[in-house]
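Below is one structure; the comments refer to it alone.
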Amino acid sequence: MTAPSGPAPAGVPAVRCRSLGVSFGAVRALHDVSLELAPGRIHALVGQNGAGKTTLAKVLGGLQVPDAGDVRIAGRDIPPGDVRAAKAAGLAMVHQHFSLPPSFTVAEALELTAARPGGRAVYRRGDLQRRWQEDVAEIGGTAALSTRIRDLPVEARQSLEIVRALATEARLLLLDEPTALLTPVAIDSLFERLRSLRDGGVTILVVLHKLREVAAVADTVSVLRDGELVLGPAEMSEVSQGRLSDAIVGPGGHADSAVGVRAAAHESTETLLELAGTSSSESAFEPGLTAVDLRVEAGEIVGIAGVEGNGQRSLVSVIAGLTPVTEGTVRIGGDEVTAAAPARRRLRGLRLVPFDRNAEGISRSAPLWLNQSALRLLGRRRGRSPLISLRQYKRQASEAMDLWRVRYDTATQPAESLSGGNVQRLILSRELADGVEVLVAAQPTRGLDFAATEFVRRSLRGLREAGAGVLLVSSDLDELFELSDRLLVMYGGRIVAEFDGPYDRRAVGDAMTGAVR
Amino acid sequence: MTSGLRRAVWTVVLVVVSFLITALILRVSGYSVGDVFSGIIQGAITATGASTSSIRWAIPLLLIALGVVVGFRAGFFNIGGQGQFYMGACSALAISLGWREGPAGLVILCGTLAAMLAGVLWSLFPGWLRVRFGTDEVLTTLMMSFIGALVLQYLTAGPMRNPQGTGQTAASERIPEAFRLTGGSGVSLTVLLLVAGVTVLVWLVLERTRFGLTMTLVGRNATMARWQGINVRRVGLGAFALSGALAGLAGAVELYGPAARLVTGFSPEVGFTAVVVALVGLLNVWGTVVAAIFFGGLQAAILFLPIVTDLPPPALVLLHGMVAFLVTIKFRAVRRRRAAQTEATAG
């Protein structure tokens, strides 16, 4: 099934695994996967959510014991599940999920977990920070080294995980979706770093989601689908984009029809969301808003572009009512809600897809039906029994989840059992169930696979057709260009530019870096 | 097997293991394990008045433990039931002694409401500290509990001390017999119906009201609840208040039931045992009922044992401690395993 690719360099392959198989209960995560990776190259591994990419990475790193097959790294047999042997063979991993201790400062966490040579037993704070300053700066990290991990935004934490892995003397670097939470600028500098590591002889296996990123950095590409290796490793120059995306999605995978969105009926010129001269105080990671003027009308998608950390979080939080407004007004559906509680805004028709879907969008340990029903718990209904019918709640939730094609077994399973794309469907099924006036969608497709991304974008378009307003906050310019009727650019907590389509990538990019005031 | 059933089976296994370990320690210390355990059975079930005594102790344990369950549902660990219980009892006593000539029904009602209010206030202060400043409620409710015990001591030794009282312990006057809901046994149909009604009510609030579901969402992930428009602080304060009200109610039931007067440091363990009861009951209303009856029996046995064996009472507190210890460990282990599973299945 696997043909070693390209001009085979002299010596042993950096990774060779044969007939790997892993099952979780009835689910086949990997099936008969054999793979050889040539040393000194950047290998991309792609596939949909749940295709087995993370499982493969974990097997290679010794974190998952395979049911069948064997792994060799740099010619050395790695006993199944032996993390130390994998490390000794020169492997370092960057995980998808964060593993830095939250109560440590950046410098402490790196020193403790990176096992960098030349460490000392006792440090002064300043020494420790100087020791790591360069590494953090190199990856484009802006975090102060004395900040505690728990106070960092997700993007910064992710980049620290990469700093940590790069700091060791690894010969084989495994990165599991390192770009999922990074800004475009940070992605560029990460790729630059990966290339220079490769040129230094390090072999890199990187799990990626976006074909554009694969094309930008990879030498070879391999595709997993439903736990099987369906393509590769193939030279990037020999694979067309079309063939790649077919391999990823599989036969019939493109058919996933859009979903009916029930929105309140509107006159087409109604302003559904309006911020007038709105300012807010700065938060720990971001500037606050400064005199932001913004309108979203019925039947339009307004995009918010900007390098992350330029006030987008403040913007969404101010609209949601979680951050107080210091000046100016906020109106939803024509009603002033500047000082109104979050609940009143929700009842007025505000719907939200928050930035961090696993932490802010769902309650991971709560059952699906309760996650789905959250909005139904708001508000007082006079004259009705204080008791509710659980059966009715569960039925309504199941119906909505079925409509949005959430894949689940029972409505009582915890939300954490869903994959990323399904979590987003669950969130959409809740937020767009009915009574939508305006949806604020923050990074709604980040980290999602192709099919799920398409699904979300179709849903946003459907919402526009239904006459609702959409405010789309994204760091993916392609997505913004594709969907937005108008595009606003945020920089330093201000709206610095407004564009109408067709969009000029260069001009928007300039505005994002603050070059245009 | 459903996960709920599996957890229940595990809990029973751990309780049995605690008994075995305790038996081993008793054996090594030279006591007759057979005598002790037959004494436990007698003291909890078979001896004259033993099962009544078990129920008598199960009642305050259940009410306070239900409060722990309510708090935990919203993500808070109210372990200060003891102080809330004391303050409830003191308030009911003040009403009852201050209005001796009043109609019994009305006095009892007012006293009970006052007791619940006192419990609310005693738990709402740490609750407010928690939602306003993020102060750890485990510490503050515990501290408030000690303050409550000292307030009780002050009242029974000072302003409320029975002037005719003799003996060394500080105690209040007895409330008029007309105000009592039970005899000295502490169990009567009225009290049983009251407790059953409260239990059903708590279950309904937790499982069948929007407030209950909201508490669950807040307890599982307060950040998500905030994004959903839920007023997390208000829900938290509501949970603390309900939790304290139940412990305060337990104080009133104690006074109008078996106690009739307050003695310094009465029922010193009940508030803390109730935390164990709630954990053994898997923080679920019906599980807590079962656990409360079990621990009520154990409490009755502890009081009975010195009569039939030469075992000092603290020896059985060992059993309490062992159960609490093992169940708490299990609690942590389950959480860790769940976290690990989450990571394993992701991606």
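By order in the structure tokens, chains are A, B, ...; within a chain, residues start at 1; ligands start at 1, following the order shown.
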Please check the contacts: residues of chain B at most 8 Å away from chain A, using only C-alpha atoms, listed as a PyMOL selection string.
chain B and resi 204+208-211+213-214+216-217+220-221+223-231+342-343+345-347
Write out as a ChimeraX atom specification the residues lying within 8 Å of Ser484 in chain A, counting only C-alpha atoms and excluding same-chain residues fewer than 6 positions away.
/A:300-303,472,501
For those residues, write N, CA and C atoms to a file as a tab-separated table (two decimals), in the first residue's frame.
chain	number	residue	atom	x	y	z
A	300	GLU	N	-26.96	40.37	5.81
A	300	GLU	CA	-25.57	40.59	5.38
A	300	GLU	C	-24.58	39.94	6.34
A	301	ILE	N	-23.44	39.56	5.76
A	301	ILE	CA	-22.33	39.05	6.57
A	301	ILE	C	-21.25	40.12	6.59
A	302	VAL	N	-20.92	40.59	7.78
A	302	VAL	CA	-19.85	41.57	7.91
A	302	VAL	C	-18.65	40.86	8.49
A	303	GLY	N	-17.53	40.94	7.79
A	303	GLY	CA	-16.32	40.27	8.26
A	303	GLY	C	-15.46	41.20	9.10
A	472	LEU	N	-18.75	38.05	11.32
A	472	LEU	CA	-17.80	36.95	11.22
A	472	LEU	C	-16.41	37.44	11.60
A	501	GLY	N	-16.29	44.18	-1.41
A	501	GLY	CA	-15.71	43.24	-2.37
A	501	GLY	C	-15.74	43.81	-3.77
Run DSSP on the backbone and tell me which residues of range 182-337 of chain B come out as helix (DSSP H, G or I); list them as a PyMOL selection string.
chain B and resi 189-208+210-220+222-227+232-259+270-280+285-308+314-337
Go through range 56-122 of chain B and flag each residue having an atom no more than 12 Å from range 177-181 of chain B; for those, report the closest pair of atoms plus their distance in Å to one decimal, using only C-alpha atoms, ordered by chain and rising number, as JSON lines.
{"residue": "B:Ala92", "atom": "CA", "partner": "B:Phe179", "partner_atom": "CA", "distance": 10.8}
{"residue": "B:Leu93", "atom": "CA", "partner": "B:Phe179", "partner_atom": "CA", "distance": 10.6}
{"residue": "B:Ile95", "atom": "CA", "partner": "B:Phe179", "partner_atom": "CA", "distance": 11.1}
{"residue": "B:Ser96", "atom": "CA", "partner": "B:Phe179", "partner_atom": "CA", "distance": 7.8}
{"residue": "B:Leu97", "atom": "CA", "partner": "B:Phe179", "partner_atom": "CA", "distance": 10.2}
{"residue": "B:Trp99", "atom": "CA", "partner": "B:Phe179", "partner_atom": "CA", "distance": 10.8}
{"residue": "B:Arg100", "atom": "CA", "partner": "B:Phe179", "partner_atom": "CA", "distance": 8.9}
{"residue": "B:Glu101", "atom": "CA", "partner": "B:Ala178", "partner_atom": "CA", "distance": 10.0}
{"residue": "B:Gly102", "atom": "CA", "partner": "B:Phe179", "partner_atom": "CA", "distance": 9.6}
{"residue": "B:Pro103", "atom": "CA", "partner": "B:Phe179", "partner_atom": "CA", "distance": 8.8}
{"residue": "B:Ala104", "atom": "CA", "partner": "B:Phe179", "partner_atom": "CA", "distance": 5.3}
{"residue": "B:Gly105", "atom": "CA", "partner": "B:Phe179", "partner_atom": "CA", "distance": 7.6}
{"residue": "B:Leu106", "atom": "CA", "partner": "B:Phe179", "partner_atom": "CA", "distance": 9.6}
{"residue": "B:Val107", "atom": "CA", "partner": "B:Phe179", "partner_atom": "CA", "distance": 7.5}
{"residue": "B:Ile108", "atom": "CA", "partner": "B:Phe179", "partner_atom": "CA", "distance": 6.4}
{"residue": "B:Leu109", "atom": "CA", "partner": "B:Phe179", "partner_atom": "CA", "distance": 10.1}
{"residue": "B:Cys110", "atom": "CA", "partner": "B:Phe179", "partner_atom": "CA", "distance": 11.5}
{"residue": "B:Gly111", "atom": "CA", "partner": "B:Phe179", "partner_atom": "CA", "distance": 10.0}
{"residue": "B:Thr112", "atom": "CA", "partner": "B:Phe179", "partner_atom": "CA", "distance": 11.4}
Mind writing the picked residues with C-alpha atoms as a CSV table (one decimal), in the first residue's frame?
chain,number,residue,atom,x,y,z
B,92,ALA,CA,-35.1,28.1,66.4
B,93,LEU,CA,-34.2,28.0,70.1
B,95,ILE,CA,-37.7,32.0,68.8
B,96,SER,CA,-39.1,29.1,70.9
B,97,LEU,CA,-37.8,30.4,74.3
B,99,TRP,CA,-42.3,33.1,72.6
B,100,ARG,CA,-43.1,30.3,75.0
B,101,GLU,CA,-46.8,31.2,75.2
B,102,GLY,CA,-47.3,31.3,71.4
B,103,PRO,CA,-49.4,28.7,69.6
B,104,ALA,CA,-47.3,25.6,69.0
B,105,GLY,CA,-47.8,25.3,65.3
B,106,LEU,CA,-46.9,29.0,64.6
B,107,VAL,CA,-43.9,29.0,66.9
B,108,ILE,CA,-42.5,25.9,65.3
B,109,LEU,CA,-43.1,27.3,61.8
B,110,CYS,CA,-41.4,30.6,62.7
B,111,GLY,CA,-38.6,28.8,64.5
B,112,THR,CA,-38.1,26.6,61.5
If I take CA of Leu152 in chain B and CA of Glu254 in chain B, how far is one from the other in Å, to one decimal?
14.3 Å
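Going from CA of Gly126 in chain A to CA of Ser146 in chain A covers 9.2 Å.
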Atom pair CA of Ser281 in chain A + CA of Ser314 in chain A, distance 8.6 Å
Just the strand (DSSP E) stuff from range 100-342 of chain A, please, per backbone DSSP, written as number ranges by chain.
A: 172-176, 203-207, 220-225, 228-235, 271-280, 292-297, 300-305, 325-332, 335-336
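Counting only C-alpha atoms, the residue from B:Leu20, B:Ala222, B:Leu305, B:Val289 that sits nearest to Val200 in chain B is B:Val289.
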Set the distance at 6 Å and use only C-alpha atoms: which residues neighbour Met116 in chain B once local chain neighbours fewer than 4 positions away are removed? I'd like the list as a list in words.
Ala245, Gly248 and Leu249 of chain B
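Among the candidates B:Gly212, B:Pro312, B:Gly88, B:Pro163, the residue lying nearest to Val69 in chain B is B:Gly212 (atoms considered: only C-alpha atoms).
Summary of the local environment: counting only C-alpha atoms, residues at most 12 Å from Ile307 in chain B, other than itself and those fewer than 2 positions away along its chain, are B:Asp35, B:Val36, B:Gly39, B:Ile40, B:Gln42, B:Gly43, B:Ala47, B:Ala300, B:Ala301, B:Ile302, B:Leu303, B:Phe304, B:Leu305, B:Thr309, B:Asp310, B:Leu311, B:Pro312, B:Pro313.
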With N, CA and C atoms retained, write the just-selected residues as an mmCIF file, in the first residue's frame.
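The file below, selection-v7.cif, is the result:
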data_model
loop_
_atom_site.group_PDB
_atom_site.id
_atom_site.type_symbol
_atom_site.label_atom_id
_atom_site.label_comp_id
_atom_site.auth_asym_id
_atom_site.auth_seq_id
_atom_site.Cartn_x
_atom_site.Cartn_y
_atom_site.Cartn_z
ATOM 1 N N ASP B 35 -17.331 -9.862 68.014
ATOM 2 C CA ASP B 35 -18.135 -9.134 68.993
ATOM 3 C C ASP B 35 -18.453 -7.723 68.508
ATOM 4 N N VAL B 36 -17.421 -7.080 67.977
ATOM 5 C CA VAL B 36 -17.613 -5.697 67.549
ATOM 6 C C VAL B 36 -18.649 -5.625 66.433
ATOM 7 N N GLY B 39 -21.985 -6.324 67.536
ATOM 8 C CA GLY B 39 -22.418 -5.135 68.286
ATOM 9 C C GLY B 39 -22.906 -4.045 67.349
ATOM 10 N N ILE B 40 -22.238 -3.893 66.219
ATOM 11 C CA ILE B 40 -22.668 -2.878 65.246
ATOM 12 C C ILE B 40 -24.055 -3.229 64.732
ATOM 13 N N GLN B 42 -26.325 -5.045 66.180
ATOM 14 C CA GLN B 42 -27.290 -4.812 67.260
ATOM 15 C C GLN B 42 -27.592 -3.329 67.407
ATOM 16 N N GLY B 43 -26.522 -2.550 67.497
ATOM 17 C CA GLY B 43 -26.695 -1.117 67.771
ATOM 18 C C GLY B 43 -27.404 -0.396 66.644
ATOM 19 N N ALA B 47 -31.113 -4.380 68.237
ATOM 20 C CA ALA B 47 -31.392 -4.122 69.660
ATOM 21 C C ALA B 47 -32.663 -3.283 69.797
ATOM 22 N N ALA B 300 -25.616 5.307 65.296
ATOM 23 C CA ALA B 300 -26.335 4.652 66.390
ATOM 24 C C ALA B 300 -25.472 3.559 67.000
ATOM 25 N N ALA B 301 -24.782 2.815 66.132
ATOM 26 C CA ALA B 301 -23.936 1.730 66.616
ATOM 27 C C ALA B 301 -22.781 2.260 67.458
ATOM 28 N N ILE B 302 -22.228 3.387 67.035
ATOM 29 C CA ILE B 302 -21.103 3.962 67.777
ATOM 30 C C ILE B 302 -21.525 4.284 69.207
ATOM 31 N N LEU B 303 -22.770 4.770 69.354
ATOM 32 C CA LEU B 303 -23.249 5.123 70.691
ATOM 33 C C LEU B 303 -23.599 3.880 71.506
ATOM 34 N N PHE B 304 -23.918 2.811 70.795
ATOM 35 C CA PHE B 304 -24.371 1.595 71.458
ATOM 36 C C PHE B 304 -23.202 0.705 71.876
ATOM 37 N N LEU B 305 -22.182 0.674 71.071
ATOM 38 C CA LEU B 305 -21.098 -0.296 71.263
ATOM 39 C C LEU B 305 -20.456 -0.308 72.652
ATOM 40 N N THR B 309 -19.444 -3.862 74.352
ATOM 41 C CA THR B 309 -18.052 -4.293 74.255
ATOM 42 C C THR B 309 -17.204 -3.346 75.091
ATOM 43 N N ASP B 310 -15.937 -3.665 75.195
ATOM 44 C CA ASP B 310 -15.042 -2.770 75.937
ATOM 45 C C ASP B 310 -14.359 -1.786 74.989
ATOM 46 N N LEU B 311 -14.952 -1.656 73.788
ATOM 47 C CA LEU B 311 -14.355 -0.792 72.759
ATOM 48 C C LEU B 311 -14.594 0.681 73.092
ATOM 49 N N PRO B 312 -13.562 1.493 73.078
ATOM 50 C CA PRO B 312 -13.801 2.936 73.280
ATOM 51 C C PRO B 312 -14.465 3.542 72.041
ATOM 52 N N PRO B 313 -15.385 4.487 72.205
ATOM 53 C CA PRO B 313 -16.112 5.048 71.052
ATOM 54 C C PRO B 313 -15.214 5.538 69.915
#
Near range 191-203 of chain A, within 6 Å and counting only C-alpha atoms, which residues show up once chain neighbours fewer than 5 positions away are dropped, as a ChimeraX atom specification?
/A:39-41,171-172
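Contact shell of Ala180 in chain A at 7 Å (only C-alpha atoms; same-chain neighbours under 2 positions omitted): Glu177, Pro178, Leu182, Arg446 and Gly447 of chain A.
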